[in-house]
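Listing of coords32.txt, compact mmCIF, C-alpha atoms (C1' of nucleotides)
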# COMPACT_ATOMS: atom_id res chain seq x y z
CA MET V 1068 159.58 109.94 1.51
CA GLU V 1069 163.07 108.54 1.88
CA GLU V 1070 164.90 106.81 -0.98
CA GLN V 1071 168.04 104.83 -0.23
CA GLN V 1072 170.31 102.49 -2.11
CA VAL V 1073 172.30 100.16 0.14
CA GLY V 1074 174.48 97.74 -1.77
CA SER V 1075 172.23 96.03 -4.26
CA LEU V 1076 169.16 96.79 -2.18
CA HIS V 1077 166.85 99.73 -2.64
CA PHE V 1078 164.66 101.08 0.14
CA HIS V 1079 161.98 103.72 0.22
CA ILE V 1080 160.95 104.46 3.75
CA ASP V 1081 158.09 106.65 4.95
CA PHE V 1082 155.91 106.87 8.03
CA SER V 1083 152.83 105.11 6.70
CA GLN V 1084 153.82 101.81 8.33
CA PRO V 1085 156.17 100.50 11.01
CA LEU V 1086 159.78 100.88 9.88
CA TYR V 1087 160.68 97.25 10.51
CA GLU V 1088 157.74 96.18 8.36
CA GLN V 1089 158.82 98.31 5.42
CA ILE V 1090 162.37 96.96 5.60
CA LEU V 1091 160.99 93.44 5.84
CA ASP V 1092 158.63 93.81 2.89
CA GLN V 1093 161.16 95.44 0.65
CA ALA V 1094 163.91 92.97 1.49
CA ARG V 1095 161.49 90.09 0.90
CA SER V 1096 160.58 91.58 -2.43
CA ALA V 1097 164.20 92.03 -3.48
CA ILE V 1098 165.00 88.42 -2.67
CA ALA V 1099 161.81 87.02 -4.19
CA LYS V 1100 162.43 88.91 -7.41
CA GLY V 1101 166.14 88.07 -7.51
CA GLU V 1102 167.22 91.69 -7.27
CA ILE V 1103 169.75 90.43 -4.78
CA ALA V 1104 171.30 87.11 -5.74
CA LEU V 1105 171.15 83.84 -3.84
CA GLY V 1106 174.02 83.56 -1.38
CA ASP V 1107 174.77 87.28 -1.47
CA LYS V 1108 175.71 89.12 1.68
CA MET V 1109 173.09 91.45 3.08
CA PRO V 1110 174.07 94.81 4.56
CA SER V 1111 175.07 94.41 8.18
CA VAL V 1112 172.59 95.41 10.82
CA ARG V 1113 174.65 98.42 11.82
CA GLU V 1114 175.38 99.50 8.26
CA LEU V 1115 171.75 99.40 7.16
CA ALA V 1116 170.70 101.21 10.30
CA GLN V 1117 173.23 103.93 9.63
CA GLU V 1118 172.29 104.31 5.96
CA LEU V 1119 168.58 104.48 6.73
CA ARG V 1120 169.23 106.60 9.79
CA ILE V 1121 167.22 104.35 12.08
CA ASN V 1122 168.01 102.27 15.14
CA PRO V 1123 169.92 98.98 14.80
CA ASN V 1124 167.27 97.27 16.93
CA THR V 1125 164.68 98.10 14.31
CA VAL V 1126 166.78 96.57 11.54
CA MET V 1127 167.38 93.54 13.76
CA ARG V 1128 163.70 92.96 14.08
CA ALA V 1129 163.26 92.89 10.31
CA TYR V 1130 166.29 90.63 9.86
CA GLN V 1131 165.05 88.13 12.42
CA GLU V 1132 161.77 87.82 10.56
CA LEU V 1133 163.63 87.38 7.28
CA GLU V 1134 165.43 84.42 8.77
CA ARG V 1135 162.18 82.95 10.05
CA ASP V 1136 160.91 83.24 6.48
CA GLY V 1137 163.84 81.08 5.42
CA LEU V 1138 165.08 83.82 3.12
CA THR V 1139 168.33 84.54 4.94
CA GLU V 1140 170.93 82.78 7.07
CA LYS V 1141 172.94 84.45 9.76
CA ARG V 1142 176.54 83.58 10.55
CA ARG V 1143 177.73 84.82 13.88
CA GLY V 1144 180.62 87.19 13.47
CA GLN V 1145 180.28 87.20 9.67
CA GLY V 1146 176.97 88.68 8.69
CA THR V 1147 173.58 87.95 7.14
CA TYR V 1148 173.38 86.14 3.81
CA VAL V 1149 170.59 85.48 1.36
CA THR V 1150 169.77 81.78 1.38
CA SER V 1151 171.48 79.70 -1.30
CA SER V 1152 168.42 77.54 -1.68
CA PRO V 1153 166.11 78.42 -4.60
CA GLU V 1154 163.56 76.07 -3.03
CA HIS V 1155 163.37 78.17 0.10
CA VAL V 1156 162.66 81.28 -1.95
CA ALA V 1157 160.11 79.49 -4.07
CA SER V 1158 158.19 78.05 -1.14
CA PHE V 1159 158.23 81.40 0.61
CA ARG V 1160 156.77 83.07 -2.48
CA THR V 1161 153.94 80.61 -2.88
CA GLU V 1162 153.12 80.62 0.80
CA LEU V 1163 153.02 84.39 1.14
CA ALA V 1164 151.17 84.76 -2.14
CA ALA V 1165 148.53 82.33 -0.91
CA ARG V 1166 148.12 84.33 2.27
CA TYR V 1167 147.76 87.57 0.32
CA ILE V 1168 145.32 86.10 -2.16
CA ASP V 1169 143.11 84.54 0.49
CA SER V 1170 142.93 87.76 2.45
CA PHE V 1171 142.19 89.68 -0.73
CA MET V 1172 139.37 87.35 -1.69
CA GLU V 1173 137.86 87.82 1.75
CA GLN V 1174 137.90 91.57 1.26
CA MET V 1175 136.20 91.26 -2.10
CA GLU V 1176 133.63 88.88 -0.66
CA SER V 1177 132.88 91.36 2.11
CA LEU V 1178 132.02 93.93 -0.56
CA GLY V 1179 129.86 91.42 -2.38
CA LEU V 1180 132.11 91.35 -5.44
CA SER V 1181 132.41 88.20 -7.51
CA TRP V 1182 135.54 86.92 -9.18
CA GLU V 1183 134.11 87.99 -12.51
CA ASP V 1184 133.74 91.57 -11.24
CA ILE V 1185 137.38 91.58 -10.23
CA GLU V 1186 138.54 90.22 -13.58
CA LYS V 1187 136.58 92.91 -15.37
CA TYR V 1188 138.22 95.64 -13.30
CA ILE V 1189 141.70 94.26 -13.84
CA ARG V 1190 141.21 93.87 -17.58
CA ARG V 1191 140.00 97.42 -17.87
CA LYS V 1192 142.95 98.64 -15.88
CA GLN V 1193 145.46 96.65 -17.87
CA ASP V 1194 144.06 97.89 -21.16
CA ALA V 1195 144.20 101.45 -19.92
CA ALA V 1196 147.83 101.06 -18.87
CA GLN V 1197 148.73 99.06 -21.99
CA GLY V 1198 149.84 95.94 -20.13
CA GLY V 1199 151.39 97.27 -16.97
CA LEU V 1200 151.72 93.98 -15.16
CA GLY V 1201 151.33 90.90 -17.32
CA SER V 1202 155.05 90.11 -17.08
CA MET W 358 136.10 85.20 19.40
CA GLU W 359 132.90 87.11 20.07
CA GLU W 360 129.73 86.62 18.04
CA GLN W 361 126.93 89.12 18.35
CA GLN W 362 123.66 89.80 16.59
CA VAL W 363 122.44 93.39 16.99
CA GLY W 364 119.24 94.09 15.12
CA SER W 365 119.87 93.02 11.54
CA LEU W 366 123.60 93.37 11.97
CA HIS W 367 125.98 90.59 12.83
CA PHE W 368 129.36 91.20 14.45
CA HIS W 369 132.25 88.94 15.24
CA ILE W 370 134.83 90.75 17.31
CA ASP W 371 138.28 89.55 18.30
CA PHE W 372 141.61 91.11 19.23
CA SER W 373 143.36 90.75 15.89
CA GLN W 374 142.56 94.33 14.89
CA PRO W 375 141.43 97.59 16.46
CA LEU W 376 137.82 97.27 17.65
CA TYR W 377 136.62 100.35 15.80
CA GLU W 378 138.10 98.93 12.58
CA GLN W 379 136.28 95.63 12.94
CA ILE W 380 132.98 97.39 13.57
CA LEU W 381 133.66 99.64 10.60
CA ASP W 382 134.53 96.80 8.23
CA GLN W 383 131.61 94.63 9.23
CA ALA W 384 129.10 97.46 9.07
CA ARG W 385 130.45 98.47 5.66
CA SER W 386 130.11 94.91 4.50
CA ALA W 387 126.54 94.60 5.76
CA ILE W 388 125.51 97.77 3.96
CA ALA W 389 127.42 96.97 0.76
CA LYS W 390 125.82 93.52 0.58
CA GLY W 391 122.37 94.78 1.48
CA GLU W 392 122.16 92.75 4.66
CA ILE W 393 120.79 95.89 6.21
CA ALA W 394 118.37 97.77 3.96
CA LEU W 395 118.71 101.30 2.60
CA GLY W 396 117.19 103.84 4.96
CA ASP W 397 117.17 101.43 7.90
CA LYS W 398 118.04 102.61 11.36
CA MET W 399 121.39 101.51 12.70
CA PRO W 400 121.78 100.50 16.34
CA SER W 401 122.38 103.56 18.51
CA VAL W 402 125.90 104.26 19.67
CA ARG W 403 125.03 103.36 23.23
CA GLU W 404 123.08 100.25 22.31
CA LEU W 405 125.80 98.80 20.12
CA ALA W 406 128.43 99.62 22.72
CA GLN W 407 126.41 97.81 25.35
CA GLU W 408 125.73 94.76 23.20
CA LEU W 409 129.37 94.43 22.18
CA ARG W 410 130.51 95.31 25.69
CA ILE W 411 132.86 98.04 24.50
CA ASN W 412 133.11 101.77 25.05
CA PRO W 413 130.65 104.13 23.31
CA ASN W 414 133.58 106.25 22.14
CA THR W 415 134.90 103.30 20.20
CA VAL W 416 131.57 102.79 18.45
CA MET W 417 131.44 106.53 17.77
CA ARG W 418 134.72 106.38 15.97
CA ALA W 419 133.48 103.66 13.64
CA TYR W 420 130.19 105.48 13.04
CA GLN W 421 131.93 108.72 12.14
CA GLU W 422 133.96 106.94 9.52
CA LEU W 423 130.82 105.27 8.16
CA GLU W 424 129.33 108.70 7.61
CA ARG W 425 132.48 109.94 5.89
CA ASP W 426 132.10 106.93 3.59
CA GLY W 427 128.66 108.22 2.67
CA LEU W 428 127.08 104.98 3.89
CA THR W 429 125.13 106.48 6.80
CA GLU W 430 123.43 109.71 7.80
CA LYS W 431 123.16 110.91 11.35
CA ARG W 432 120.17 112.81 12.67
CA ARG W 433 120.82 114.57 15.92
CA GLY W 434 118.47 113.34 18.59
CA GLN W 435 117.11 110.58 16.35
CA GLY W 436 119.86 108.17 15.46
CA THR W 437 122.06 106.86 12.67
CA TYR W 438 120.47 105.66 9.44
CA VAL W 439 121.75 103.78 6.42
CA THR W 440 121.81 106.10 3.44
CA SER W 441 118.73 105.94 1.17
CA SER W 442 120.87 106.48 -1.90
CA PRO W 443 121.81 103.35 -3.84
CA GLU W 444 124.31 105.52 -5.73
CA HIS W 445 126.21 106.28 -2.56
CA VAL W 446 126.53 102.61 -1.77
CA ALA W 447 127.53 101.76 -5.31
CA SER W 448 130.20 104.43 -5.52
CA PHE W 449 131.55 103.42 -2.14
CA ARG W 450 131.80 99.84 -3.25
CA THR W 451 133.67 100.60 -6.44
CA GLU W 452 135.98 103.06 -4.74
CA LEU W 453 136.92 100.74 -1.89
CA ALA W 454 137.19 97.78 -4.24
CA ALA W 455 139.58 99.76 -6.42
CA ARG W 456 141.70 100.60 -3.40
CA TYR W 457 141.79 96.94 -2.31
CA ILE W 458 142.58 95.69 -5.78
CA ASP W 459 145.36 98.19 -6.38
CA SER W 460 147.00 97.39 -3.09
CA PHE W 461 146.65 93.68 -3.80
CA MET W 462 148.25 94.01 -7.20
CA GLU W 463 151.16 95.84 -5.63
CA GLN W 464 151.65 92.98 -3.20
CA MET W 465 151.64 90.48 -6.03
CA GLU W 466 154.04 92.58 -8.05
CA SER W 467 156.40 92.79 -5.07
CA LEU W 468 156.54 88.97 -5.08
CA GLY W 469 157.15 88.94 -8.81
CA LEU W 470 153.84 87.23 -9.57
CA SER W 471 152.07 87.92 -12.85
CA TRP W 472 148.34 88.19 -13.32
CA GLU W 473 148.38 84.80 -15.01
CA ASP W 474 149.96 83.25 -11.93
CA ILE W 475 147.18 84.68 -9.81
CA GLU W 476 144.46 83.43 -12.12
CA LYS W 477 145.93 79.95 -12.04
CA TYR W 478 145.93 79.91 -8.24
CA ILE W 479 142.36 81.13 -8.02
CA ARG W 480 141.09 78.63 -10.58
CA ARG W 481 142.74 75.78 -8.75
CA LYS W 482 141.26 76.98 -5.49
CA GLN W 483 137.76 77.42 -6.91
CA ASP W 484 137.83 73.96 -8.46
CA ALA W 485 138.94 72.43 -5.19
CA ALA W 486 136.11 74.17 -3.32
CA GLN W 487 133.55 73.53 -6.09
CA GLY W 488 132.86 77.20 -6.74
CA GLY W 489 133.25 78.87 -3.39
CA LEU W 490 132.96 82.44 -4.58
CA GLY W 491 131.65 82.85 -8.14
CA SER W 492 128.47 84.64 -7.07
C1' DT O 816 197.37 88.68 20.02
C1' DT O 817 194.82 92.50 18.70
C1' DA O 818 191.47 95.28 16.40
C1' DA O 819 187.51 95.74 13.73
C1' DG O 820 183.32 94.07 12.24
C1' DT O 821 179.68 90.68 12.86
C1' DG O 822 174.89 89.16 15.31
C1' DT O 823 172.65 89.35 19.81
C1' DA O 824 170.72 90.73 24.36
C1' DT O 825 169.29 93.90 27.90
C1' DT O 826 167.49 97.92 30.11
C1' DA O 827 165.45 102.35 29.93
C1' DA O 828 162.79 105.83 27.97
C1' DG O 829 159.51 108.32 24.83
C1' DT O 830 155.67 108.61 21.50
C1' DG O 831 151.33 107.59 19.41
C1' DA O 832 147.31 104.65 18.60
C1' DT O 833 143.80 102.33 20.90
C1' DA O 834 140.46 101.81 24.45
C1' DT O 835 138.06 102.79 28.67
C1' DA O 836 135.70 105.75 32.06
C1' DA O 837 133.00 109.49 33.65
C1' DT O 838 130.58 113.42 32.60
C1' DA O 839 128.18 116.96 30.25
C1' DC O 840 125.69 119.26 26.41
C1' DA O 841 122.34 119.97 22.44
C1' DC O 842 118.80 118.02 20.02
C1' DT O 843 114.34 115.23 18.97
C1' DT O 844 110.40 112.74 20.13
C1' DA O 845 106.61 111.11 22.90
C1' DT E 369 109.21 116.80 31.12
C1' DA E 370 111.60 112.54 30.43
C1' DA E 371 113.94 109.40 27.68
C1' DG E 372 116.74 108.51 23.93
C1' DT E 373 119.64 110.40 20.34
C1' DG E 374 124.65 112.14 18.62
C1' DT E 375 128.63 114.72 20.35
C1' DA E 376 132.50 116.62 23.09
C1' DT E 377 135.85 116.72 26.76
C1' DT E 378 139.15 115.20 30.13
C1' DA E 379 141.67 111.74 32.33
C1' DT E 380 143.75 107.35 32.51
C1' DA E 381 145.76 102.90 31.00
C1' DT E 382 147.86 99.72 27.86
C1' DC E 383 150.43 98.29 24.04
C1' DA E 384 153.24 98.59 19.70
C1' DC E 385 156.89 100.89 17.93
C1' DT E 386 161.20 103.24 18.13
C1' DT E 387 165.28 105.07 19.98
C1' DA E 388 169.35 105.03 23.01
C1' DA E 389 173.20 103.21 25.41
C1' DT E 390 175.75 99.20 26.60
C1' DA E 391 177.61 94.91 26.72
C1' DC E 392 178.77 90.17 25.15
C1' DA E 393 180.25 86.28 21.96
C1' DC E 394 181.96 85.22 17.72
C1' DT E 395 184.83 85.66 13.19
C1' DT E 396 188.21 87.54 10.37
C1' DA E 397 192.30 89.90 9.10
C1' DA E 398 196.28 92.64 10.38

Starting from the file, give its structure as structure tokens.
Amino acid sequence: MEEQQVGSLHFHIDFSQPLYEQILDQARSAIAKGEIALGDKMPSVRELAQELRINPNTVMRAYQELERDGLTEKRRGQGTYVTSSPEHVASFRTELAARYIDSFMEQMESLGLSWEDIEKYIRRKQDAAQGGLGS
Amino acid sequence: MEEQQVGSLHFHIDFSQPLYEQILDQARSAIAKGEIALGDKMPSVRELAQELRINPNTVMRAYQELERDGLTEKRRGQGTYVTSSPEHVASFRTELAARYIDSFMEQMESLGLSWEDIEKYIRRKQDAAQGGLGS
DNA sequence: TTAAGTGTATTAAGTGATATAATACACTTA
DNA sequence: TAAGTGTATTATATCACTTAATACACTTAA
């Protein structure tokens, strides 16, 4: 397990998933949750690669997907910046959340679990953890 | 997209995921939902491979995992059978469901979504579909 | 103008997961 | 004995992922 702070971003990298996917997910999360502010400069491709001790091409791949998500903008010769548009972040969140939720509901359906079953499990878990998630 | 009925089992195979994983998931689902009965004989490795037009080794891999799940028992020289123990199926369901749910909640948390947000989305979706899932 | 720092593109190579193919063995049943 | 089981092995092929080494175009600041 690898823990790394790069600017205002925090990464924990392991070998359970493709590297570019972990960078992507964790950068998405940081932007979606406002851990890095709108308009802020992201670490450069080379810098992040050096800090995480991985290849620049791998960082590039994650950064290209971030831009496709509408979460970042790239300025040739300057660097990569978090979008300044709150709407872009918001629409990304709802779209990705919808994808996650739909896929999750399919999994539950494949196990023959109803929505009520799921609610019961979550409630039990939240009680046990004394409100771990509910904002 | 490939649709195949093999005995009481139904498979739809594509190239979105590893073949062995699709077989595994769909067999798990069929057993968990009782679409194939406890104690029933599964298709033989060779038969399923032939029907799905894939390699027997690939079916083997899925079948081995099914046994590790406690969902099937293999009898050398006879075949592969669905477990006769309802408890095994039940414990598998709750265990896998817990894994799915936990991973899902992590995804939601990474997007900064609260449990209430999720509930709202689901309710809206269920209303729109006039009760698509609720048992 | 120059140097350093950006994103980007290309080519080559290596590794591991996935899948196929061919074959053989041990076991059970009819 | 023959046919049908699960199982194991070896070889091969493909693809995703990752690294490596370079090179190019652009921007900014010295």

For CA of Ala1129 in chain V and CA of Ile1098 in chain V, the interatomic separation in Å (one decimal):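 These two atoms are separated by 13.8 Å.
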
Sorted per-residue table, range 370-396 of chain E near range 824-837 of chain O, closest atoms and distance, 10 Å, only C-alpha atoms (C1' of nucleotides), as CSV:
residue,atom,partner,partner_atom,distance
E:DT378,C1',O:DA837,C1',9.1
E:DA379,C1',O:DA836,C1',8.5
E:DT380,C1',O:DA836,C1',8.2
E:DA381,C1',O:DT835,C1',8.0
E:DT382,C1',O:DA834,C1',8.4
E:DC383,C1',O:DT833,C1',8.4
E:DA384,C1',O:DA832,C1',8.5
E:DC385,C1',O:DT830,C1',8.6
E:DT386,C1',O:DT830,C1',8.4
E:DT387,C1',O:DG829,C1',8.2
E:DA388,C1',O:DA828,C1',8.3
E:DA389,C1',O:DA827,C1',9.0
E:DT390,C1',O:DT825,C1',8.5
E:DA391,C1',O:DA824,C1',8.4
E:DC392,C1',O:DA824,C1',8.1

Chain E residues near chain W (12 Å cut-off, all atoms listed in the file) as a list in words: DA371, DG372, DT373, DG374, DT375, DA376, DT377 and DC383 of chain E

Go ahead and dump the residues you just picked, C-alpha atoms (C1' of nucleotides), as a PDB file, in the frame of the given file.
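Result file result-v5.pdb:
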ATOM      1  C1'  DA E 371     113.940 109.400  27.680  1.00  0.00           C
ATOM      2  C1'  DG E 372     116.740 108.510  23.930  1.00  0.00           C
ATOM      3  C1'  DT E 373     119.640 110.400  20.340  1.00  0.00           C
ATOM      4  C1'  DG E 374     124.650 112.140  18.620  1.00  0.00           C
ATOM      5  C1'  DT E 375     128.630 114.720  20.350  1.00  0.00           C
ATOM      6  C1'  DA E 376     132.500 116.620  23.090  1.00  0.00           C
ATOM      7  C1'  DT E 377     135.850 116.720  26.760  1.00  0.00           C
ATOM      8  C1'  DC E 383     150.430  98.290  24.040  1.00  0.00           C
TER       9       DC E 383
END

Distance of CA of Glu452 in chain W from CA of Tyr438 in chain W, expressed in Å to one decimal place: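 These atoms are spaced 21.2 Å apart.
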
With only C-alpha atoms (C1' of nucleotides) as the counted atoms, please give the residues lying no more than 12 Å from Leu1091 in chain V, apart from itself and same-chain residues fewer than 3 positions off, as a PDB file with C-alpha atoms, in the frame of the given file.
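Result went into out.pdb, see below:
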ATOM      1  CA  LEU V1076     169.160  96.790  -2.180  1.00  0.00           C
ATOM      2  CA  PHE V1078     164.660 101.080   0.140  1.00  0.00           C
ATOM      3  CA  HIS V1079     161.980 103.720   0.220  1.00  0.00           C
ATOM      4  CA  ILE V1080     160.950 104.460   3.750  1.00  0.00           C
ATOM      5  CA  GLN V1084     153.820 101.810   8.330  1.00  0.00           C
ATOM      6  CA  PRO V1085     156.170 100.500  11.010  1.00  0.00           C
ATOM      7  CA  LEU V1086     159.780 100.880   9.880  1.00  0.00           C
ATOM      8  CA  TYR V1087     160.680  97.250  10.510  1.00  0.00           C
ATOM      9  CA  GLU V1088     157.740  96.180   8.360  1.00  0.00           C
ATOM     10  CA  ALA V1094     163.910  92.970   1.490  1.00  0.00           C
ATOM     11  CA  ARG V1095     161.490  90.090   0.900  1.00  0.00           C
ATOM     12  CA  SER V1096     160.580  91.580  -2.430  1.00  0.00           C
ATOM     13  CA  ALA V1097     164.200  92.030  -3.480  1.00  0.00           C
ATOM     14  CA  ILE V1098     165.000  88.420  -2.670  1.00  0.00           C
ATOM     15  CA  ALA V1099     161.810  87.020  -4.190  1.00  0.00           C
ATOM     16  CA  THR V1125     164.680  98.100  14.310  1.00  0.00           C
ATOM     17  CA  VAL V1126     166.780  96.570  11.540  1.00  0.00           C
ATOM     18  CA  MET V1127     167.380  93.540  13.760  1.00  0.00           C
ATOM     19  CA  ARG V1128     163.700  92.960  14.080  1.00  0.00           C
ATOM     20  CA  ALA V1129     163.260  92.890  10.310  1.00  0.00           C
ATOM     21  CA  TYR V1130     166.290  90.630   9.860  1.00  0.00           C
ATOM     22  CA  GLN V1131     165.050  88.130  12.420  1.00  0.00           C
ATOM     23  CA  GLU V1132     161.770  87.820  10.560  1.00  0.00           C
ATOM     24  CA  LEU V1133     163.630  87.380   7.280  1.00  0.00           C
ATOM     25  CA  GLU V1134     165.430  84.420   8.770  1.00  0.00           C
ATOM     26  CA  ARG V1135     162.180  82.950  10.050  1.00  0.00           C
ATOM     27  CA  ASP V1136     160.910  83.240   6.480  1.00  0.00           C
ATOM     28  CA  LEU V1138     165.080  83.820   3.120  1.00  0.00           C
ATOM     29  CA  THR V1139     168.330  84.540   4.940  1.00  0.00           C
TER      30      THR V1139
ATOM     31  CA  SER W 467     156.400  92.790  -5.070  1.00  0.00           C
TER      32      SER W 467
END

Å distance separating CA of Ile1103 in chain V from CA of Ser1075 in chain V, one decimal place: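 Distance reported for this atom pair: 6.1 Å.
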
Interface residues on chain O facing chain V, 10 Å, all atoms listed in the file, written as a PyMOL selection string: chain O and resi 820-823

Proximal residues of chain V relative to chain W (all atoms listed in the file; 9 Å) as a PyMOL selection string: chain V and resi 1092-1093+1095-1100+1160+1163-1165+1167-1168+1171-1172+1174-1183+1185+1188-1189+1200-1202
